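Asks: You'll find query.txt just under this line, and it carries compact mmCIF, C-alpha atoms.
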```
# COMPACT_ATOMS: atom_id res chain seq x y z
CA LYS P 1 0.00 0.00 0.00
CA ASP P 2 1.33 3.43 -0.95
CA PRO P 3 1.93 5.38 2.31
CA GLY P 4 1.25 8.70 0.59
CA LEU P 5 2.91 11.86 1.90
CA VAL P 6 3.72 10.89 5.48
CA GLY P 7 6.97 12.01 7.10
CA ASN P 8 9.95 12.48 4.79
CA LEU P 9 8.00 11.14 1.81
CA LEU P 10 6.38 14.55 1.48
CA VAL P 11 9.72 16.19 0.67
CA GLU P 12 11.09 13.24 -1.29
CA ARG P 13 8.10 13.23 -3.61
CA LEU P 14 8.14 17.01 -3.85
CA VAL P 15 11.64 16.91 -5.33
CA GLY P 16 10.70 14.10 -7.72
CA ALA P 17 12.39 11.12 -6.08
CA ASN P 18 11.44 7.63 -7.25
CA ILE P 19 10.05 5.58 -4.35
CA VAL P 20 10.67 1.81 -4.23
CA GLN P 21 8.71 0.03 -1.51
CA VAL P 22 9.16 -3.14 0.54
CA THR P 23 6.98 -4.51 3.32
CA LYS P 24 7.95 -4.38 7.00
CA GLU P 25 8.22 -8.17 6.92
CA GLU P 26 10.63 -8.05 3.97
CA TYR P 27 12.70 -5.34 5.63
CA THR P 28 12.96 -7.39 8.82
CA ARG P 29 13.67 -10.67 7.04
CA VAL P 30 16.18 -9.45 4.44
CA GLY P 31 17.71 -6.41 6.15
CA SER P 32 18.52 -2.94 4.90
CA VAL P 33 22.05 -3.75 3.70
CA GLU P 34 20.94 -6.61 1.46
CA LEU P 35 17.93 -4.68 0.20
CA GLY P 36 20.20 -1.81 -0.78
CA ARG P 37 22.52 -4.19 -2.58
CA GLN P 38 19.65 -5.80 -4.48
CA LEU P 39 18.17 -2.47 -5.54
CA SER P 40 21.57 -1.12 -6.58
CA GLN P 41 22.20 -4.23 -8.66
CA ASP P 42 18.78 -3.98 -10.26
CA LEU P 43 19.21 -0.30 -11.16
CA ALA P 44 22.65 -0.93 -12.59
CA GLY P 45 21.51 -3.86 -14.70
CA ARG P 46 18.04 -2.77 -15.77
CA ALA P 47 18.55 0.97 -16.18
CA GLY P 48 22.31 1.18 -16.76
CA LEU P 49 22.72 3.51 -13.79
CA ASN P 50 25.65 3.80 -11.38
CA PRO P 51 23.93 3.94 -7.97
CA TYR P 52 25.54 4.91 -4.67
CA VAL P 53 23.91 3.28 -1.66
CA ILE P 54 23.45 5.51 1.38
CA PRO P 55 22.85 3.28 4.42
CA VAL P 56 20.08 3.82 6.96
CA GLY P 57 20.67 7.15 8.66
CA GLY P 58 23.76 7.75 6.51
CA SER P 59 25.53 5.78 9.23
CA ASN P 60 28.80 4.59 7.82
CA ALA P 61 32.40 5.75 7.94
CA LEU P 62 31.86 8.47 5.32
CA GLY P 63 28.73 9.81 7.00
CA SER P 64 30.39 9.91 10.42
CA TRP P 65 33.33 11.97 9.12
CA GLY P 66 31.00 14.96 9.00
CA TYR P 67 30.75 14.89 12.77
CA LEU P 68 34.52 15.06 13.13
CA ASN P 69 34.15 18.47 11.48
CA PHE P 70 31.32 19.25 13.89
CA VAL P 71 33.59 18.57 16.86
CA GLU P 72 36.40 20.62 15.31
CA GLU P 73 34.08 23.61 14.99
CA LEU P 74 32.74 23.06 18.52
CA ALA P 75 36.28 22.97 19.93
CA GLN P 76 37.10 26.25 18.19
CA GLN P 77 33.99 27.89 19.64
CA MET P 78 34.78 26.61 23.12
CA ASP P 79 38.32 28.02 22.89
CA GLN P 80 37.11 31.48 21.93
CA GLU P 81 37.04 34.14 24.62
CA GLY P 82 33.75 33.85 26.43
CA GLY P 83 32.97 30.53 24.74
CA GLU P 84 30.88 27.94 26.56
CA ARG P 85 32.94 25.16 28.12
CA PHE P 86 30.69 22.12 27.78
CA THR P 87 31.23 19.11 30.01
CA ASP P 88 28.70 16.80 28.33
CA ILE P 89 27.14 16.20 24.92
CA VAL P 90 23.73 14.51 24.80
CA MET P 91 22.07 13.23 21.62
CA ALA P 92 19.57 10.78 20.21
CA CYS P 93 21.03 7.62 18.72
CA GLY P 94 19.08 5.86 15.99
CA SER P 95 21.55 4.33 13.55
CA GLY P 96 24.84 5.19 15.26
CA GLY P 97 26.64 7.43 12.77
CA THR P 98 26.22 10.68 14.71
CA THR P 99 27.32 9.06 17.96
CA ALA P 100 30.36 7.35 16.43
CA GLY P 101 31.55 10.53 14.75
CA ILE P 102 31.09 12.80 17.76
CA ALA P 103 32.59 10.32 20.22
CA LEU P 104 35.66 9.81 18.05
CA GLY P 105 35.95 13.53 17.36
CA CYS P 106 35.90 14.42 21.05
CA HIS P 107 38.60 11.87 21.74
CA LEU P 108 40.85 13.02 18.90
CA ALA P 109 40.35 16.68 19.82
CA GLY P 110 41.29 15.98 23.42
CA LEU P 111 38.03 17.46 24.70
CA ASP P 112 37.22 16.60 28.29
CA VAL P 113 33.60 15.96 27.36
CA ARG P 114 31.35 13.04 28.24
CA VAL P 115 29.22 11.78 25.34
CA HIS P 116 25.76 10.35 26.10
CA ALA P 117 23.83 8.53 23.36
CA TYR P 118 20.13 7.93 24.05
CA GLY P 119 18.99 5.05 21.86
CA VAL P 120 15.54 5.34 20.31
CA CYS P 121 15.58 1.77 19.01
CA ASP P 122 17.43 -1.48 19.71
CA ASP P 123 19.44 -1.74 22.94
CA GLU P 124 22.71 -0.49 24.37
CA GLU P 125 24.73 -3.54 23.29
CA TYR P 126 23.63 -3.06 19.68
CA PHE P 127 24.85 0.54 19.61
CA TYR P 128 28.22 -0.28 21.17
CA SER P 129 28.68 -3.04 18.59
CA TYR P 130 27.47 -1.10 15.53
CA CYS P 131 29.35 2.07 16.44
CA GLN P 132 32.49 -0.03 16.83
CA GLU P 133 32.01 -1.29 13.27
CA ILE P 134 31.81 2.32 12.05
CA LEU P 135 34.91 3.25 14.05
CA ASP P 136 36.78 0.29 12.56
CA ASP P 137 35.82 1.41 9.06
CA MET P 138 37.07 4.91 9.89
CA GLY P 139 40.49 3.51 10.78
CA ALA P 140 39.87 3.97 14.50
CA SER P 141 39.81 0.34 15.62
CA ALA P 142 40.61 -0.61 19.21
CA ASP P 143 44.12 -1.65 18.15
CA VAL P 144 44.81 1.75 16.59
CA LEU P 145 42.98 3.94 19.09
CA GLY P 146 43.64 1.99 22.26
CA LYS P 147 40.00 2.44 23.16
CA THR P 148 36.70 0.83 22.18
CA SER P 149 33.29 2.37 21.62
CA ARG P 150 32.45 1.69 25.28
CA ASP P 151 35.31 3.97 26.31
CA LEU P 152 34.22 6.80 24.03
CA PHE P 153 30.53 7.17 24.89
CA THR P 154 27.76 5.93 27.16
CA ALA P 155 24.75 4.29 25.55
CA LEU P 156 21.45 4.79 27.34
CA GLN P 157 17.87 3.74 26.71
CA ALA P 158 15.20 6.11 25.39
CA LYS P 159 13.17 3.73 23.23
CA GLY P 160 10.13 3.85 25.51
CA ARG P 161 7.25 1.92 24.00
CA GLY P 162 9.16 1.39 20.76
CA TYR P 163 10.67 3.09 17.73
CA ALA P 164 8.52 6.03 16.57
CA ILE P 165 5.85 5.17 19.19
CA SER P 166 5.35 8.24 21.37
CA THR P 167 4.12 8.42 24.95
CA GLU P 168 2.20 11.38 26.30
CA ALA P 169 5.15 12.25 28.53
CA GLU P 170 7.54 12.35 25.55
CA LEU P 171 5.25 14.62 23.56
CA ALA P 172 4.69 16.80 26.62
CA ALA P 173 8.46 17.31 26.84
CA VAL P 174 8.54 18.33 23.17
CA LYS P 175 5.68 20.76 23.80
CA GLU P 176 7.39 22.23 26.87
CA VAL P 177 10.60 22.89 24.93
CA ALA P 178 8.66 24.45 22.05
CA GLU P 179 6.72 26.79 24.36
CA THR P 180 9.74 27.90 26.40
CA THR P 181 12.42 28.14 23.70
CA GLY P 182 10.72 28.19 20.29
CA VAL P 183 12.78 25.12 19.29
CA ILE P 184 10.73 22.32 17.74
CA LEU P 185 12.04 18.83 18.44
CA ASP P 186 10.90 15.76 16.55
CA PRO P 187 8.96 12.94 18.25
CA VAL P 188 11.05 10.01 16.98
CA TYR P 189 14.63 11.02 17.79
CA SER P 190 15.53 14.23 19.64
CA GLY P 191 12.17 14.41 21.43
CA LYS P 192 12.54 10.93 22.88
CA ALA P 193 16.17 11.55 23.81
CA LEU P 194 15.45 14.84 25.58
CA SER P 195 12.52 13.35 27.46
CA ALA P 196 14.68 10.47 28.71
CA PHE P 197 17.54 12.84 29.56
CA MET P 198 15.24 15.13 31.54
CA GLY P 199 14.01 12.07 33.43
CA ASP P 200 17.58 11.08 34.28
CA VAL P 201 18.38 14.58 35.54
CA GLN P 202 15.28 14.62 37.72
CA ALA P 203 16.08 11.16 39.08
CA ASP P 204 19.68 12.06 40.00
CA PRO P 205 20.14 15.85 40.07
CA GLU P 206 23.45 15.66 41.96
CA LYS P 207 25.03 13.78 39.07
CA TRP P 208 24.34 16.73 36.78
CA ARG P 209 24.91 19.59 39.19
CA GLU P 210 27.24 22.25 37.72
CA ARG P 211 27.53 20.29 34.45
CA LYS P 212 27.31 22.29 31.22
CA VAL P 213 25.33 20.17 28.76
CA LEU P 214 25.14 20.57 24.99
CA PHE P 215 22.03 18.82 23.64
CA LEU P 216 22.34 18.05 19.94
CA HIS P 217 19.14 18.51 17.92
CA THR P 218 19.47 16.25 14.87
CA GLY P 219 16.29 17.33 13.08
CA GLY P 220 13.31 15.28 11.94
CA LEU P 221 10.54 17.87 12.26
CA LEU P 222 8.40 16.22 9.57
CA GLY P 223 7.74 13.29 11.89
CA MET P 224 5.66 15.61 14.07
CA TYR P 225 2.80 15.61 11.58
CA ASP P 226 2.27 11.90 12.19
CA LYS P 227 1.46 12.68 15.86
CA GLU P 228 -1.42 15.07 15.18
CA ASP P 229 -4.04 13.06 17.09
CA GLN P 230 -1.83 12.56 20.15
CA LEU P 231 -0.68 16.17 20.19
CA ALA P 232 -4.24 17.46 20.02
CA LYS P 233 -4.93 15.81 23.38
CA ILE P 234 -2.24 17.81 25.20
CA MET P 235 -2.92 21.18 23.58
CA ASP P 236 -4.75 23.88 25.53
CA PRO P 237 -7.99 24.67 23.65
CA ALA P 238 -8.17 28.01 25.47
CA LYS P 239 -5.17 29.16 23.44
CA ALA P 240 -7.46 29.55 20.39
CA SER P 241 -10.32 32.02 20.38
CA ARG P 242 -12.60 33.89 17.99
CA MET P 243 -11.58 37.47 17.30
CA ASN P 244 -14.27 40.07 17.90
CA VAL P 245 -14.12 41.88 14.56
CA GLN P 246 -15.40 45.44 14.51
CA GLY P 247 -17.18 46.83 11.43
```
Translate the structure described by the file into structure tokens.

Replies:
Amino acid sequence: KDPGLVGNLLVERLVGANIVQVTKEEYTRVGSVELGRQLSQDLAGRAGLNPYVIPVGGSNALGSWGYLNFVEELAQQMDQEGGERFTDIVMACGSGGTTAGIALGCHLAGLDVRVHAYGVCDDEEYFYSYCQEILDDMGASADVLGKTSRDLFTALQAKGRGYAISTEAELAAVKEVAETTGVILDPVYSGKALSAFMGDVQADPEKWRERKVLFLHTGGLLGMYDKEDQLAKIMDPAKASRMNVQG
């Protein structure tokens, strides 16, 4: 069944992308890597194209290199006069590329910063393992670096009820941030991560006392439109009123 214009498909179809679908069962059974290989082979053979496969989340060695540049820029800003000296970086972790790149970057830059990755799917062991694969592909294996993924970041759980399944508390956290800062988080990644992080701070405030935390917003706003029914339940109806028009 064609999913229509939900989520990122709205933008992808707007720019004229060709959409090739598989079922959830096929995705689970075959896996994203093999599906990408099959599609690439088909496009090369049938259409004579030369495809480049971008993995889920862009999470491979090449994709993670971008976050080495992120850390380099962050380090420069921190070294500037009056720059914030962060002690911790907190982010959502969905496919591992962002976490691997930032964790490696902080280590190579010599930043005394703790990296916290809040997983929105899978479990902590999966992220340590997959991020290690990315690090290996980047030439930063345990033999070369003298450290493993476990030494570079802490994986935590923020999956809640499941991937892309939002609780009222998670959406309430997104709403609170939007009302107080004007920053719109997404419900699948950054929203879940921030909600879990806020819960950890409330559970153990001493652990975070006098820490300077940088929370990384990795985008995903389009996912918010899929939560319309749930969001409507936590909105204040009194915020909308009929204008008394004169004349």

Asks: In Å, rounded to a single decimal, give me how far atom CA of Ile165 of chain P is from atom CA of Gln21 of chain P.

Replies: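 Separating atom CA of Gln21 of chain P from atom CA of Ile165 of chain P is a distance of 21.5 Å.
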
Asks: So which residues touch Leu222 of chain P within 7 Å, counting only C-alpha atoms, skipping near sequence neighbours fewer than 2 positions away, as a list in words?

Replies: Gly7, Asn8, Gly220, Met224 and Tyr225 of chain P

Asks: Just want the 9 Å neighbourhood of Gly191 of chain P, counted on only C-alpha atoms, with same-chain residues fewer than 2 positions away dropped. Output as number ranges by chain.

Replies: P: 92, 170-171, 173-174, 184-189, 193-196, 217

Asks: To one decimal place in Å, what is the distance between atom CA of Ala155 of chain P and atom CA of Cys121 of chain P?

Replies: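 We find that atom CA of Ala155 of chain P and atom CA of Cys121 of chain P lie 11.5 Å from each other.
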
Asks: Separation of atom CA of Asn60 of chain P and atom CA of Leu135 of chain P, in Å?

Replies: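 A separation of 8.8 Å between them.
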
Asks: With only C-alpha atoms as the atoms that count, which of P:Ala47, P:Leu214, P:Leu231, P:Ala100 lies nearest to Asp137 of chain P?

Replies: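 Among the listed residues, the smallest separation from Asp137 of chain P belongs to P:Ala100.
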
Asks: Write out as JSON an axis-aligned box for segment 191-210 of chain P: all of its atoms listed in the file, 5 Å added on each side, centre and edge lengths in Å with one decimal.

Replies:
```
{"center_x": 19.7, "center_y": 16.4, "center_z": 31.7, "size_x": 25.1, "size_y": 21.8, "size_z": 30.5}
```

Asks: Of the candidates P:Gly57, P:Ser166, P:Gly82, P:Gly139, which one gets nearest to Gly223 of chain P if we count all atoms listed in the file?

Replies: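 Of P:Gly57, P:Ser166, P:Gly82, P:Gly139, the one nearest Gly223 of chain P is P:Ser166, counting all atoms listed in the file.
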
Asks: When you count all atoms listed in the file, which of these residues is closest to Glu73 of chain P: P:Ala203, P:Ile134, P:Ala169, P:Ala109?

Replies: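 Residue with the minimum atom-to-atom distance to Glu73 of chain P: P:Ala109.
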
Asks: Using all atoms listed in the file, find all polymer residues with an atom at most 12 Å away from the point (18.5, 1.0, 20.5); report them as a compact mmCIF listing (two decimals) with C-alpha atoms, in the coordinates of the input.

Replies:
```txt
# COMPACT_ATOMS: atom_id res chain seq x y z
CA ALA P 92 19.57 10.78 20.21
CA CYS P 93 21.03 7.62 18.72
CA GLY P 94 19.08 5.86 15.99
CA SER P 95 21.55 4.33 13.55
CA GLY P 96 24.84 5.19 15.26
CA ALA P 117 23.83 8.53 23.36
CA TYR P 118 20.13 7.93 24.05
CA GLY P 119 18.99 5.05 21.86
CA VAL P 120 15.54 5.34 20.31
CA CYS P 121 15.58 1.77 19.01
CA ASP P 122 17.43 -1.48 19.71
CA ASP P 123 19.44 -1.74 22.94
CA GLU P 124 22.71 -0.49 24.37
CA GLU P 125 24.73 -3.54 23.29
CA TYR P 126 23.63 -3.06 19.68
CA PHE P 127 24.85 0.54 19.61
CA TYR P 128 28.22 -0.28 21.17
CA SER P 129 28.68 -3.04 18.59
CA TYR P 130 27.47 -1.10 15.53
CA CYS P 131 29.35 2.07 16.44
CA ALA P 155 24.75 4.29 25.55
CA LEU P 156 21.45 4.79 27.34
CA GLN P 157 17.87 3.74 26.71
CA ALA P 158 15.20 6.11 25.39
CA LYS P 159 13.17 3.73 23.23
CA GLY P 160 10.13 3.85 25.51
CA ARG P 161 7.25 1.92 24.00
CA GLY P 162 9.16 1.39 20.76
CA TYR P 163 10.67 3.09 17.73
CA ALA P 164 8.52 6.03 16.57
CA TYR P 189 14.63 11.02 17.79
CA LYS P 192 12.54 10.93 22.88
CA ALA P 193 16.17 11.55 23.81
```

Asks: With distances taken over all atoms listed in the file, which of P:Asn244, P:Lys1, P:Gln76, P:Leu43 is nearest to Asn18 of chain P?

Replies: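 So, comparing all the options, the nearest one is P:Leu43.
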
Asks: With distances taken over only C-alpha atoms, which of P:Glu133, P:Glu26, P:Asp112, P:Glu12 is nearest to Arg85 of chain P?

Replies: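 With only C-alpha atoms as the atom set, the closest residue is P:Asp112.
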
Asks: When you get a chance, write out N, CA and C atoms for segment 185-214 of chain P, as a CSV table (one decimal), in the coordinates of the input.

Replies:
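Final output, selection.csv:
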```csv
chain,number,residue,atom,x,y,z
P,185,LEU,N,11.4,20.1,18.5
P,185,LEU,CA,12.0,18.8,18.4
P,185,LEU,C,11.1,17.9,17.7
P,186,ASP,N,11.7,16.8,17.2
P,186,ASP,CA,10.9,15.8,16.6
P,186,ASP,C,10.5,14.7,17.6
P,187,PRO,N,9.4,13.9,17.3
P,187,PRO,CA,9.0,12.9,18.2
P,187,PRO,C,9.7,11.6,18.2
P,188,VAL,N,10.5,11.3,17.2
P,188,VAL,CA,11.0,10.0,17.0
P,188,VAL,C,12.5,9.9,17.5
P,189,TYR,N,13.2,11.0,17.4
P,189,TYR,CA,14.6,11.0,17.8
P,189,TYR,C,14.9,12.0,18.9
P,190,SER,N,15.1,13.3,18.6
P,190,SER,CA,15.5,14.2,19.6
P,190,SER,C,14.5,14.4,20.8
P,191,GLY,N,13.2,14.3,20.4
P,191,GLY,CA,12.2,14.4,21.4
P,191,GLY,C,12.2,13.3,22.5
P,192,LYS,N,12.4,12.1,22.0
P,192,LYS,CA,12.5,10.9,22.9
P,192,LYS,C,13.8,11.1,23.7
P,193,ALA,N,14.9,11.4,23.1
P,193,ALA,CA,16.2,11.6,23.8
P,193,ALA,C,16.1,12.6,24.9
P,194,LEU,N,15.5,13.8,24.6
P,194,LEU,CA,15.4,14.8,25.6
P,194,LEU,C,14.5,14.4,26.7
P,195,SER,N,13.4,13.8,26.4
P,195,SER,CA,12.5,13.4,27.5
P,195,SER,C,13.2,12.4,28.4
P,196,ALA,N,14.0,11.4,27.9
P,196,ALA,CA,14.7,10.5,28.7
P,196,ALA,C,15.8,11.2,29.5
P,197,PHE,N,16.5,12.1,28.9
P,197,PHE,CA,17.5,12.8,29.6
P,197,PHE,C,17.0,13.7,30.7
P,198,MET,N,15.9,14.3,30.5
P,198,MET,CA,15.2,15.1,31.5
P,198,MET,C,14.8,14.2,32.7
P,199,GLY,N,14.4,13.0,32.4
P,199,GLY,CA,14.0,12.1,33.4
P,199,GLY,C,15.2,11.7,34.2
P,200,ASP,N,16.4,11.5,33.6
P,200,ASP,CA,17.6,11.1,34.3
P,200,ASP,C,18.1,12.2,35.2
P,201,VAL,N,18.0,13.4,34.7
P,201,VAL,CA,18.4,14.6,35.5
P,201,VAL,C,17.5,14.7,36.8
P,202,GLN,N,16.2,14.5,36.6
P,202,GLN,CA,15.3,14.6,37.7
P,202,GLN,C,15.5,13.5,38.7
P,203,ALA,N,15.9,12.3,38.2
P,203,ALA,CA,16.1,11.2,39.1
P,203,ALA,C,17.4,11.3,39.9
P,204,ASP,N,18.4,11.9,39.3
P,204,ASP,CA,19.7,12.1,40.0
P,204,ASP,C,20.3,13.4,39.7
P,205,PRO,N,19.7,14.5,40.3
P,205,PRO,CA,20.1,15.8,40.1
P,205,PRO,C,21.6,16.1,40.5
P,206,GLU,N,22.1,15.4,41.5
P,206,GLU,CA,23.4,15.7,42.0
P,206,GLU,C,24.5,15.3,40.9
P,207,LYS,N,24.1,14.2,40.1
P,207,LYS,CA,25.0,13.8,39.1
P,207,LYS,C,25.3,14.9,38.0
P,208,TRP,N,24.3,15.7,37.8
P,208,TRP,CA,24.3,16.7,36.8
P,208,TRP,C,24.6,18.1,37.3
P,209,ARG,N,24.7,18.3,38.6
P,209,ARG,CA,24.9,19.6,39.2
P,209,ARG,C,26.2,20.2,38.7
P,210,GLU,N,26.1,21.5,38.2
P,210,GLU,CA,27.2,22.2,37.7
P,210,GLU,C,27.8,21.7,36.4
P,211,ARG,N,27.1,20.8,35.8
P,211,ARG,CA,27.5,20.3,34.4
P,211,ARG,C,27.0,21.2,33.4
P,212,LYS,N,27.7,21.4,32.3
P,212,LYS,CA,27.3,22.3,31.2
P,212,LYS,C,27.0,21.4,30.0
P,213,VAL,N,25.7,21.2,29.7
P,213,VAL,CA,25.3,20.2,28.8
P,213,VAL,C,25.0,20.8,27.4
P,214,LEU,N,25.5,20.2,26.4
P,214,LEU,CA,25.1,20.6,25.0
P,214,LEU,C,24.2,19.5,24.5
```
